[in-house]
Every structure is written in C-alpha cells, then in structure tokens.
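Here's coords13.csv, which has CSV, C-alpha atoms and all ligand atoms:
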```
chain,number,residue,atom,x,y,z
A,488,MET,CA,0.0,0.0,0.0
A,489,TYR,CA,1.1,3.6,-0.7
A,490,ARG,CA,0.4,6.1,1.9
A,491,ILE,CA,0.6,9.8,0.9
A,492,ARG,CA,0.1,13.0,2.9
A,493,PHE,CA,-0.4,16.4,1.3
A,494,HIS,CA,0.2,19.4,3.5
A,495,GLY,CA,-0.7,23.0,2.8
A,496,ARG,CA,-2.8,25.9,3.9
A,497,GLY,CA,-6.5,26.3,3.4
A,498,GLY,CA,-6.9,27.7,-0.1
A,499,GLN,CA,-3.8,26.3,-1.6
A,500,GLY,CA,-5.6,23.3,-3.2
A,501,MET,CA,-4.0,20.4,-1.4
A,502,LYS,CA,-7.4,18.7,-0.9
A,503,THR,CA,-7.9,19.0,-4.7
A,504,ALA,CA,-4.4,17.6,-5.2
A,505,SER,CA,-5.2,14.5,-3.1
A,506,ARG,CA,-8.5,14.0,-5.0
A,507,ILE,CA,-6.8,14.2,-8.4
A,508,LEU,CA,-4.1,11.7,-7.3
A,509,GLY,CA,-6.7,9.4,-5.7
A,510,THR,CA,-8.9,9.4,-8.8
A,511,ALA,CA,-5.9,8.8,-11.1
A,512,CYS,CA,-5.0,5.8,-9.1
A,513,PHE,CA,-8.6,4.6,-9.1
A,514,ILE,CA,-8.6,4.9,-12.9
A,515,GLU,CA,-5.5,2.7,-12.9
A,516,GLY,CA,-7.5,0.0,-11.1
A,517,TYR,CA,-6.3,0.5,-7.5
A,518,GLU,CA,-8.4,0.6,-4.4
A,519,VAL,CA,-8.2,4.2,-3.1
A,520,GLN,CA,-9.0,6.3,0.0
A,521,ASP,CA,-8.6,10.1,0.0
A,522,ALA,CA,-9.8,12.5,2.5
A,523,PRO,CA,-8.9,16.0,3.8
A,524,ARG,CA,-8.5,17.0,7.4
A,525,TYR,CA,-9.1,20.6,8.4
A,526,GLY,CA,-9.1,22.4,11.7
A,527,ALA,CA,-11.7,24.9,12.8
A,528,GLU,CA,-10.0,27.7,10.9
A,529,ARG,CA,-10.5,29.2,7.5
A,530,ARG,CA,-8.2,30.2,4.5
A,531,GLY,CA,-4.6,30.2,5.4
A,532,ALA,CA,-4.7,27.7,8.3
A,533,PRO,CA,-2.6,24.6,8.1
A,534,MET,CA,-4.5,21.6,6.8
A,535,PHE,CA,-3.6,18.2,5.3
A,536,ALA,CA,-5.1,15.6,3.1
A,537,TYR,CA,-4.2,11.9,2.8
A,538,VAL,CA,-4.4,9.2,0.2
A,539,ARG,CA,-4.0,5.4,0.5
A,540,VAL,CA,-3.6,3.4,-2.6
A,541,SER,CA,-3.6,-0.4,-2.6
A,542,HIS,CA,-4.0,-3.4,-4.9
A,543,THR,CA,-6.4,-4.9,-2.4
A,544,THR,CA,-9.2,-3.7,-0.2
A,545,ILE,CA,-8.0,-1.0,2.3
A,546,TYR,CA,-9.0,-1.7,5.9
A,547,GLU,CA,-6.9,1.0,7.4
A,548,ARG,CA,-8.8,4.1,8.5
A,549,GLY,CA,-8.0,7.6,9.8
A,550,VAL,CA,-5.1,9.8,9.0
A,551,VAL,CA,-1.9,8.4,7.6
A,552,PRO,CA,0.5,8.2,10.6
A,553,VAL,CA,3.6,6.8,8.8
A,554,PRO,CA,3.7,8.3,5.2
A,555,ASP,CA,5.7,7.0,2.2
A,556,LEU,CA,5.4,10.3,0.5
A,557,VAL,CA,4.9,13.8,2.0
A,558,VAL,CA,4.0,16.7,-0.4
A,559,VAL,CA,4.2,20.2,1.1
A,560,ALA,CA,2.9,23.1,-0.8
A,561,ASP,CA,4.1,25.9,1.5
A,562,ALA,CA,7.6,26.0,3.0
A,563,SER,CA,6.5,28.4,5.8
A,564,LEU,CA,4.6,25.5,7.4
A,565,MET,CA,7.9,24.1,8.6
A,566,ALA,CA,7.9,26.9,11.3
A,567,ILE,CA,4.6,25.5,12.7
A,568,PRO,CA,5.2,22.3,14.7
A,569,ALA,CA,1.4,21.8,15.0
A,570,ALA,CA,1.2,21.4,11.2
A,571,GLY,CA,2.9,18.0,11.7
A,572,LEU,CA,4.7,17.9,8.4
A,573,LEU,CA,7.3,15.4,9.5
A,574,THR,CA,5.2,13.3,11.8
A,575,GLY,CA,5.8,9.6,11.3
A,576,CYS,CA,8.5,10.1,8.6
A,577,THR,CA,11.0,7.3,8.3
A,578,PRO,CA,14.3,6.9,6.4
A,579,GLN,CA,12.1,5.4,3.5
A,580,THR,CA,9.8,8.5,3.4
A,581,ILE,CA,10.1,10.9,0.4
A,582,LEU,CA,9.5,14.6,1.0
A,583,ILE,CA,8.8,17.0,-1.8
A,584,MET,CA,8.4,20.8,-1.1
A,585,PRO,CA,9.4,24.3,-2.3
A,586,PRO,CA,12.8,25.5,-1.2
A,587,LEU,CA,13.1,26.2,2.5
A,588,TYR,CA,13.5,29.8,3.7
A,589,ALA,CA,17.1,30.7,4.3
A,590,GLU,CA,16.6,31.1,8.1
A,591,THR,CA,15.0,27.6,8.5
A,592,PRO,CA,17.3,25.3,10.6
A,593,PRO,CA,18.3,21.9,9.1
A,594,LEU,CA,15.2,19.6,9.0
A,595,PRO,CA,15.1,16.7,11.4
A,596,PHE,CA,13.9,14.6,8.5
A,597,PRO,CA,15.3,11.1,8.1
A,598,GLY,CA,14.2,10.3,4.5
A,599,VAL,CA,14.9,11.7,1.0
A,600,HIS,CA,14.2,15.4,0.7
A,601,LEU,CA,13.4,16.6,-2.8
A,602,THR,CA,12.9,20.3,-3.7
A,603,MET,CA,10.4,21.5,-6.2
A,604,ASP,CA,11.9,24.0,-8.6
A,605,MET,CA,9.6,27.0,-8.1
A,606,ASP,CA,11.7,29.2,-10.4
A,607,LYS,CA,10.9,26.8,-13.3
A,608,ILE,CA,7.2,27.0,-12.4
A,609,ARG,CA,7.2,30.8,-12.3
A,610,GLU,CA,8.9,30.9,-15.8
A,611,THR,CA,5.9,28.9,-17.1
A,612,GLN,CA,3.5,31.4,-15.6
A,613,ILE,CA,1.4,28.6,-14.2
A,614,SER,CA,-1.2,30.4,-12.1
A,615,PRO,CA,-1.2,29.7,-8.3
A,616,SER,CA,-4.8,28.6,-8.7
A,617,HIS,CA,-3.7,25.7,-10.8
A,618,LEU,CA,-0.9,24.5,-8.5
A,619,SER,CA,-3.0,21.7,-7.0
A,620,SER,CA,-2.8,19.8,-10.3
A,621,LEU,CA,0.9,20.4,-10.4
A,622,TRP,CA,1.5,18.8,-7.0
A,623,ALA,CA,-0.9,15.9,-7.9
A,624,GLY,CA,1.1,15.4,-11.1
A,625,ALA,CA,4.4,15.4,-9.2
A,626,ALA,CA,3.1,12.9,-6.6
A,627,ALA,CA,1.8,10.6,-9.3
A,628,ARG,CA,5.2,10.5,-11.0
A,629,LEU,CA,7.0,9.9,-7.7
A,630,CYS,CA,4.8,6.9,-7.0
A,631,GLY,CA,5.3,5.7,-10.5
A,632,ILE,CA,1.9,3.8,-10.7
A,633,VAL,CA,-0.1,6.3,-12.8
A,634,THR,CA,0.1,6.8,-16.5
A,635,GLU,CA,0.0,10.3,-18.1
A,636,THR,CA,-3.4,9.4,-19.6
A,637,SER,CA,-5.0,8.5,-16.3
A,638,LEU,CA,-3.5,11.7,-14.7
A,639,LEU,CA,-5.1,13.9,-17.3
A,640,GLN,CA,-8.4,12.0,-17.1
A,641,ALA,CA,-8.4,12.5,-13.3
A,642,VAL,CA,-7.9,16.2,-13.7
A,643,GLU,CA,-10.8,16.4,-16.0
A,644,GLU,CA,-13.1,14.3,-13.8
A,645,GLU,CA,-12.3,16.3,-10.7
A,646,LEU,CA,-12.4,19.8,-12.2
A,647,VAL,CA,-15.0,19.5,-14.9
A,648,LEU,CA,-17.4,21.8,-13.0
A,649,LEU,CA,-14.8,24.7,-13.3
A,650,GLY,CA,-15.3,24.8,-17.1
A,651,GLU,CA,-13.2,23.8,-20.1
A,652,GLU,CA,-10.6,26.6,-19.8
A,653,ALA,CA,-9.8,25.7,-16.2
A,654,VAL,CA,-9.6,22.0,-17.0
A,655,ALA,CA,-7.2,22.7,-19.9
A,656,LYS,CA,-4.9,24.9,-17.7
A,657,ASN,CA,-5.0,22.3,-14.9
A,658,ARG,CA,-4.1,19.6,-17.3
A,659,GLN,CA,-1.1,21.6,-18.4
A,660,SER,CA,-0.1,22.2,-14.8
A,661,ALA,CA,-0.4,18.5,-13.9
A,662,LEU,CA,1.7,17.5,-16.9
A,663,PHE,CA,4.3,20.1,-15.9
A,664,GLY,CA,4.5,18.6,-12.4
A,665,TRP,CA,4.6,15.1,-13.8
A,666,ARG,CA,7.6,16.0,-16.2
A,667,LEU,CA,9.5,17.9,-13.5
A,668,MET,CA,9.7,14.7,-11.5
A,669,GLU,CA,10.9,12.5,-14.3
A,670,ALA,CA,14.3,11.8,-12.8
A,671,HIS,CA,12.6,10.5,-9.6
A,672,THR,CA,9.9,8.3,-11.2
A,673,GLY,CA,8.8,5.5,-8.9
A,674,CYS,CA,11.1,6.5,-6.0
A,675,VAL,CA,8.2,6.1,-3.6
A,676,THR,CA,8.1,2.5,-2.5
A,677,GLU,CA,5.1,0.5,-1.5
A,678,LYS,CA,5.0,-0.7,2.1
A,679,ARG,CA,3.3,-3.9,3.2
A,680,GLU,CA,0.1,-3.7,5.1
A,681,PRO,CA,0.3,-4.7,8.8
A,682,SER,CA,-0.8,-8.3,9.3
A,683,SER,CA,-3.3,-9.4,11.9
A,684,LYS,CA,-0.8,-12.2,12.7
A,685,ALA,CA,1.9,-9.8,13.6
A,686,PRO,CA,2.8,-9.8,17.3
A,687,PRO,CA,0.9,-7.1,19.2
A,688,PRO,CA,2.8,-3.9,20.0
A,689,GLU,CA,4.5,-3.7,23.3
A,690,TRP,CA,2.7,-2.1,26.2
A,691,ILE,CA,3.6,1.5,26.5
A,692,GLU,CA,3.5,3.4,29.8
A,693,PHE,CA,2.5,7.1,29.4
A,694,PRO,CA,3.7,9.3,32.3
A,695,TRP,CA,1.1,11.5,33.9
A,696,ASP,CA,1.2,15.0,32.7
A,697,PRO,CA,1.5,17.8,35.3
A,698,VAL,CA,-1.7,19.7,35.9
A,699,SER,CA,-0.3,22.8,34.2
A,700,MET,CA,-0.1,20.9,31.0
A,701,SER,CA,-3.2,18.7,31.1
A,702,ALA,CA,-5.4,21.7,32.2
A,703,PRO,CA,-3.8,24.8,30.6
A,704,ALA,CA,-4.9,28.1,32.0
A,705,ILE,CA,-6.7,29.3,28.8
A,706,ARG,CA,-8.7,31.7,30.9
A,707,SER,CA,-5.6,33.8,31.4
A,708,PRO,CA,-5.9,37.1,29.4
A,709,GLU,CA,-4.3,37.5,26.0
A,710,THR,CA,-3.0,34.0,25.6
A,711,SER,CA,-3.6,34.2,21.8
A,712,ARG,CA,-1.0,36.9,21.4
A,713,GLY,CA,1.6,34.1,21.7
A,714,VAL,CA,0.2,32.3,18.7
A,715,ILE,CA,1.6,33.9,15.6
A,716,THR,CA,-1.2,33.3,13.2
A,717,GLY,CA,0.4,35.7,10.7
A,718,LEU,CA,2.5,32.6,9.6
A,719,TRP,CA,-0.7,31.2,8.1
A,720,ARG,CA,-1.0,33.9,5.5
A,721,SER,CA,-0.4,33.2,1.8
A,722,VAL,CA,-1.6,36.6,0.6
A,723,ARG,CA,-1.6,39.9,2.6
A,724,PRO,CA,-4.2,42.7,2.7
A,725,VAL,CA,-2.6,46.2,2.3
A,726,ILE,CA,-4.4,49.4,3.2
A,727,ASP,CA,-4.0,52.2,0.7
A,728,ASP,CA,-3.9,55.3,3.0
A,729,ALA,CA,-4.8,57.6,0.1
A,730,ARG,CA,-8.2,55.8,-0.5
A,731,CYS,CA,-8.9,55.0,3.1
A,732,GLY,CA,-11.8,57.0,4.6
A,733,LYS,CA,-11.1,56.0,8.2
A,734,CYS,CA,-14.4,54.2,8.6
A,735,TRP,CA,-12.7,51.6,10.7
A,736,TRP,CA,-16.0,50.2,12.0
A,737,ASN,CA,-16.2,48.3,8.7
A,738,CYS,CA,-12.8,46.6,8.4
A,739,SER,CA,-11.7,46.6,12.1
A,740,VAL,CA,-14.9,45.3,13.5
A,741,HIS,CA,-15.3,42.5,10.9
A,742,CYS,CA,-11.7,41.2,11.3
A,743,PRO,CA,-12.3,37.8,13.0
A,744,ASP,CA,-8.9,38.0,14.7
A,745,SER,CA,-8.9,41.6,15.9
A,746,ALA,CA,-5.9,42.1,13.8
A,747,ILE,CA,-6.9,45.6,12.7
A,748,THR,CA,-6.5,48.3,15.4
A,749,VAL,CA,-7.1,52.0,15.1
A,750,ASN,CA,-4.3,54.5,15.6
A,751,LYS,CA,-4.5,57.9,17.3
A,752,GLU,CA,-5.4,59.5,13.9
A,753,GLY,CA,-8.4,57.2,13.6
A,754,ALA,CA,-6.7,55.2,10.7
A,755,PRO,CA,-6.8,51.4,10.6
A,756,VAL,CA,-3.5,49.5,11.2
A,757,ILE,CA,-3.1,45.8,10.4
A,758,ASP,CA,-1.1,43.6,12.8
A,759,TYR,CA,0.6,41.3,10.4
A,760,ALA,CA,1.8,39.0,13.2
A,761,HIS,CA,-1.8,38.0,13.7
A,762,CYS,CA,-3.5,38.7,10.3
A,763,LYS,CA,-4.3,35.3,8.8
A,764,GLY,CA,-5.0,36.6,5.3
A,765,CYS,CA,-8.7,35.6,5.3
A,766,LEU,CA,-9.5,38.8,3.3
A,767,ILE,CA,-12.8,39.5,5.1
A,768,CYS,CA,-11.6,43.1,5.5
A,769,VAL,CA,-11.1,43.4,1.7
A,770,GLU,CA,-14.8,42.3,1.2
A,771,GLU,CA,-16.0,44.7,3.9
A,772,CYS,CA,-14.1,47.9,2.9
A,773,PRO,CA,-16.7,50.1,1.1
A,774,ARG,CA,-14.0,52.2,-0.6
A,775,ARG,CA,-12.0,49.2,-1.9
A,776,ALA,CA,-9.0,50.7,-0.1
A,777,ILE,CA,-7.6,47.3,0.8
A,778,THR,CA,-5.7,45.4,-1.9
A,779,VAL,CA,-4.4,41.9,-1.9
A,780,ARG,CA,-0.7,41.1,-2.6
A,781,PRO,CA,1.3,37.9,-2.7
A,782,GLU,CA,2.9,37.2,0.7
A,783,GLU,CA,6.4,38.6,1.2
A,784,ARG,CA,7.6,38.5,4.7
A,785,ASP,CA,9.3,41.5,6.1
A,786,PRO,CA,10.4,41.2,9.7
A,787,GLU,CA,11.2,45.0,9.8
A,788,LYS,CA,7.4,45.6,9.3
A,789,GLY,CA,6.5,43.4,12.3
A,790,ASP,CA,6.0,40.2,10.3
A,791,PRO,CA,6.8,36.9,12.0
A,792,PRO,CA,10.1,35.6,10.8
A,801,LIG,S1,-13.1,49.9,5.7
A,801,LIG,FE1,-11.6,50.6,4.1
A,801,LIG,S2,-11.9,52.8,4.0
A,801,LIG,FE2,-12.8,52.1,5.9
A,801,LIG,S3,-11.2,52.3,7.4
A,801,LIG,FE3,-11.1,50.3,6.7
A,801,LIG,S4,-9.6,50.3,5.0
A,801,LIG,FE4,-10.2,52.4,5.4
A,802,LIG,S1,-6.7,41.9,8.7
A,802,LIG,FE1,-8.2,41.3,7.1
A,802,LIG,S2,-7.2,39.5,6.2
A,802,LIG,FE2,-6.2,39.9,8.1
A,802,LIG,S3,-7.3,38.5,9.5
A,802,LIG,FE3,-8.2,40.5,9.7
A,802,LIG,S4,-9.9,40.4,8.2
A,802,LIG,FE4,-8.6,38.7,7.7
```

With the file now loaded, output its structure as structure tokens.
Amino acid sequence: MYRIRFHGRGGQGMKTASRILGTACFIEGYEVQDAPRYGAERRGAPMFAYVRVSHTTIYERGVVPVPDLVVVADASLMAIPAAGLLTGCTPQTILIMPPLYAETPPLPFPGVHLTMDMDKIRETQISPSHLSSLWAGAAARLCGIVTETSLLQAVEEELVLLGEEAVAKNRQSALFGWRLMEAHTGCVTEKREPSSKAPPPEWIEFPWDPVSMSAPAIRSPETSRGVITGLWRSVRPVIDDARCGKCWWNCSVHCPDSAITVNKEGAPVIDYAHCKGCLICVEECPRRAITVRPEERDPEKGDPP
C-alpha cells in the first residue's frame, strides 16, 4: 500500500491535489482512499489531506500516521510544529516541497528530501490557482503507478465543474509537475500492510502530565498573542492610505482576529503578526481601499520571521 500525505494551507488546493491523485490511481485500477483534514480555521490555516492506494481492499482508517510520500505546498509550514509535516516520517519517506526559507534550521527529516523547482514553475507562468494539479502530477510521477493518460483524465473528472478553460490549464499544470519529477519516477516504494498475525505492540506506559499541561490556563488574558497566526497567511491585505476613509467600524470590527486596530489619527493598522489573510476586510471595505498582494515576509514591518 502507498500512503501519501499532502500538507498546505486552506486555499492552496491540497485537498484537490489529493483528490486528483486518488482518482488517477482509481482509474488505474487501484483501491483508493482520499480525505482532507481541516481544523476549525479558514483560509490560510494549516491543513492536510491523505491518500491510500492499494492493490487490495483497504482496511486502514483515519489519518496516515507513517507516510511513504509527503507533499508540502508551503515551506513556511515548517515553522509551525502543530502542522505535523514530519510526523511519522521514516528513512524510507520521500518529502517534496518548495525551497526552504534561508533562516530555516536543518530539517530533522530522516528520509529523502526533494525540492520543487519553483523558479521553473514561475517561468511557465502557471497560475497559483492551478498548483493543486501540479502537486498531484508530481506525486503521481514519484509513486510511478499512474500513466499520463490516467492523470489527465483524473484532472478532467475532478475539475469538470470549473469549465473547459480551467480544466485545460490544470491539465497543463499537472503535466508540468509530472515532467519535473521524471528523474525520480517511482522513487516512492510501497509498504506492506500490517498483518493481523503480527505480534501485538509492546505495552507503553504514558507518564502522567503535570496539571499545568493537562489543564492549561486558557482563561488567562491575551494567551492568543503568543500564537503567531500571521504565519498562516499566503496573501496579505494592504491598506491604501490615500483611498482609506477611516471608517474603521467596517474593516476593524469585521476582522475575526482583531488584527486591525485604530491609531491615534483614527486610521486602521493591520497587525501582520496575527492577520491570517482571510481577506474578510477586503470584502467589507466600502472604498475598496484594501488590496491583496502575494505574501512577502518583512520582519522589519512586524511580520513573523
Ligand atoms: S473599511 Fe476601508 S476605507 Fe474604511 S477604514 Fe477600513 S480600510 Fe479604510
Ligand atoms: S486583517 Fe483582514 S485579512 Fe487579516 S485576519 Fe483581519 S480580516 Fe482577515
């Protein structure tokens, strides 16, 4: 059985990538499971989706705890331990992701680390909204069990409701991801399913947690300040001061994270350490004074590193 985990942020299309890969494997005649797992948050929050692919009926359920392939769409997730990117990775696990940020410490990853060439992708001008197909194509090639024809058919089946143009662009994107991984075709190896005849695992004693850990004092004031949700952002809202009419009761009040405060002059100020990039403020601004830009972190402006 192949066990694959896709990690990304809400809105980056990793659920779609898992569906395309799952459908492509199904077309090839495999038994397949694919499912996403979200938290309670919206766009920008870490999420993952998993796929199991087997020649026989799949009896395993739940998230994939020990993956053969991990696909990561967003290198900034490495800074969030709760995203669980490397959970369960073994020396046999393949990891594919964009280049790490320069300040990222060496990964405690025991397997084979592949880097997606994002410069080549930018040269092709593949739109960010079609990257889910690209990651699916790359994952299919790494597993080596899906033909190009099945991959393209899967893209069409999964995205047909988006219209012909979107399907055509996603097919191009999937093929590009597929071709980029040519040198690594089939590097993901299939692992045996656990047998019911295997000896039971050894008894594990869990130590008692101290009360401070098992019952954290969440009633303490301002505990959320310590959680840098600005790391979740993939796009950033930017206020154009020239257009802003200082009607902060629109943008500030509607921000679900209280990330827009009002300065002494009555102008709105975005706290980028806690803005998640949900873009509700963009919708609410009556003057269209908030624009959306691709994320570029700048610690000098208060961004999280
Ligand atoms: S809603 Fe728009 S115009 Fe009004 S204060 Fe906010 S950014 Fe400025
Ligand atoms: S500032 Fe805007 S984009 Fe950021 S969290 Fe608040 S509403 Fe969402």

(message) What does the structure give for the distance between CA of Val714 (chain A) and CA of Val756 (chain A), in Å to one decimal?
(response) 19.1 Å

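Only residues having an atom at most 9 Å from (-7.8, 28.0, 1.5) are included; using only C-alpha atoms, these are Gly495, Arg496, Gly497, Gly498, Gln499, Gly500, Met501, Arg529, Arg530, Gly531, Ala532, Met534 and Cys765 of chain A.
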
(request) Please give me, as a count of residues only, the residues lying within 7 Å of ligand LIG 802 (chain A) when counting all atoms listed in the file. (result) 20

Could the residues of chain A that have an atom at most 6 Å from ligand LIG 801 (chain A) be listed as JSON lines, each with its closest atom pair and the distance in Å to one decimal, counting all atoms listed in the file and ordered by chain and ascending residue number?
```
{"residue": "A:Ile726", "atom": "CA", "partner": "A:LIG801", "partner_atom": "S4", "distance": 5.6}
{"residue": "A:Cys731", "atom": "CA", "partner": "A:LIG801", "partner_atom": "FE4", "distance": 3.7}
{"residue": "A:Gly732", "atom": "CA", "partner": "A:LIG801", "partner_atom": "S2", "distance": 4.2}
{"residue": "A:Lys733", "atom": "CA", "partner": "A:LIG801", "partner_atom": "S3", "distance": 3.8}
{"residue": "A:Cys734", "atom": "CA", "partner": "A:LIG801", "partner_atom": "FE2", "distance": 3.8}
{"residue": "A:Trp735", "atom": "CA", "partner": "A:LIG801", "partner_atom": "S3", "distance": 3.7}
{"residue": "A:Asn737", "atom": "CA", "partner": "A:LIG801", "partner_atom": "S1", "distance": 4.6}
{"residue": "A:Cys738", "atom": "CA", "partner": "A:LIG801", "partner_atom": "S1", "distance": 4.3}
{"residue": "A:Pro755", "atom": "CA", "partner": "A:LIG801", "partner_atom": "S3", "distance": 5.5}
{"residue": "A:Cys772", "atom": "CA", "partner": "A:LIG801", "partner_atom": "S1", "distance": 3.6}
{"residue": "A:Pro773", "atom": "CA", "partner": "A:LIG801", "partner_atom": "S1", "distance": 5.8}
{"residue": "A:Arg774", "atom": "CA", "partner": "A:LIG801", "partner_atom": "S2", "distance": 5.1}
{"residue": "A:Ala776", "atom": "CA", "partner": "A:LIG801", "partner_atom": "FE1", "distance": 4.9}
{"residue": "A:Ile777", "atom": "CA", "partner": "A:LIG801", "partner_atom": "S4", "distance": 5.5}
```

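With all atoms listed in the file as the basis for measurement, A:Glu752 is the residue among A:Glu752, A:Asp521, A:Glu610, A:Glu515 that approaches Asp728 (chain A) most closely.
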
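We find CA of Pro523 (chain A) and CA of Arg609 (chain A) to be spaced 27.2 Å apart.
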
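Reported to one decimal place, the separation of CA of Gly650 (chain A) from CA of Asp606 (chain A) is 28.2 Å.
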
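In terms of minimum interatomic distance to Tyr489 (chain A), A:Leu556 ranks closest within A:Met668, A:Leu638, A:Leu556, A:Val550, counting all atoms listed in the file.
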
Counting all atoms listed in the file, which residues in region 524-619 of chain A sit no more than 12 Å from region 629-635 of chain A? For each one, give the nearest pair of atoms and the distance in Å, sorted by chain then residue number, as a Markdown table.
```
| residue | atom | partner | partner_atom | distance |
| --- | --- | --- | --- | --- |
| A:Val538 | CA | A:Cys630 | CA | 11.9 |
| A:Arg539 | CA | A:Cys630 | CA | 11.7 |
| A:Val540 | CA | A:Ile632 | CA | 9.8 |
| A:Ser541 | CA | A:Ile632 | CA | 10.7 |
| A:His542 | CA | A:Ile632 | CA | 11.0 |
| A:Asp555 | CA | A:Cys630 | CA | 9.2 |
| A:Leu556 | CA | A:Cys630 | CA | 8.3 |
| A:Val557 | CA | A:Leu629 | CA | 10.7 |
| A:Val558 | CA | A:Leu629 | CA | 10.4 |
| A:Thr580 | CA | A:Leu629 | CA | 11.5 |
| A:Ile581 | CA | A:Leu629 | CA | 8.7 |
| A:Leu582 | CA | A:Leu629 | CA | 10.2 |
| A:Ile583 | CA | A:Leu629 | CA | 9.4 |
| A:Val599 | CA | A:Leu629 | CA | 11.9 |
| A:Leu601 | CA | A:Leu629 | CA | 10.5 |
```

Output the selection as a PDB file, keeping the file's coordinate frame - C-alpha atoms for each residue.
```pdb
ATOM      1  CA  VAL A 538      -4.400   9.200   0.200  1.00  0.00           C
ATOM      2  CA  ARG A 539      -4.000   5.400   0.500  1.00  0.00           C
ATOM      3  CA  VAL A 540      -3.600   3.400  -2.600  1.00  0.00           C
ATOM      4  CA  SER A 541      -3.600  -0.400  -2.600  1.00  0.00           C
ATOM      5  CA  HIS A 542      -4.000  -3.400  -4.900  1.00  0.00           C
ATOM      6  CA  ASP A 555       5.700   7.000   2.200  1.00  0.00           C
ATOM      7  CA  LEU A 556       5.400  10.300   0.500  1.00  0.00           C
ATOM      8  CA  VAL A 557       4.900  13.800   2.000  1.00  0.00           C
ATOM      9  CA  VAL A 558       4.000  16.700  -0.400  1.00  0.00           C
ATOM     10  CA  THR A 580       9.800   8.500   3.400  1.00  0.00           C
ATOM     11  CA  ILE A 581      10.100  10.900   0.400  1.00  0.00           C
ATOM     12  CA  LEU A 582       9.500  14.600   1.000  1.00  0.00           C
ATOM     13  CA  ILE A 583       8.800  17.000  -1.800  1.00  0.00           C
ATOM     14  CA  VAL A 599      14.900  11.700   1.000  1.00  0.00           C
ATOM     15  CA  LEU A 601      13.400  16.600  -2.800  1.00  0.00           C
TER      16      LEU A 601
END
```

(request) Select, from A:Gln520, A:Ser505, A:Ser614, A:Thr748, the residue with the minimum atom-to-atom distance to Gly549 (chain A), counting only C-alpha atoms. (result) A:Gln520

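Across A:Ala511, A:Ala522, A:Val551, A:Leu648, the tightest approach to Arg492 (chain A) is made by A:Val551 when counting all atoms listed in the file.
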
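Every protein or nucleic acid residue with an atom no more than 8 Å from Val725 (chain A), counting all atoms listed in the file and leaving out same-chain residues fewer than 4 positions away, appears here: Ile777, Thr778, Val779 and Arg780 of chain A.
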
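Nearest to Phe663 (chain A) of all the residues A:Tyr588, A:Trp690, A:Trp695, A:Trp622 is A:Trp622, counting only C-alpha atoms.
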
(message) Applying 10 Å and only C-alpha atoms, which residues near Leu573 (chain A) remain after dropping the ones on its own chain fewer than 5 positions away? List them as a PyMOL selection string.
(response) chain A and resi 552-554+557+565+568+580+582+594-598

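Distance annotation: of A:Val740, A:Ile691, A:Leu508, A:Leu618, the residue with the minimal separation from Ala653 (chain A) is A:Leu618; atom set is all atoms listed in the file.
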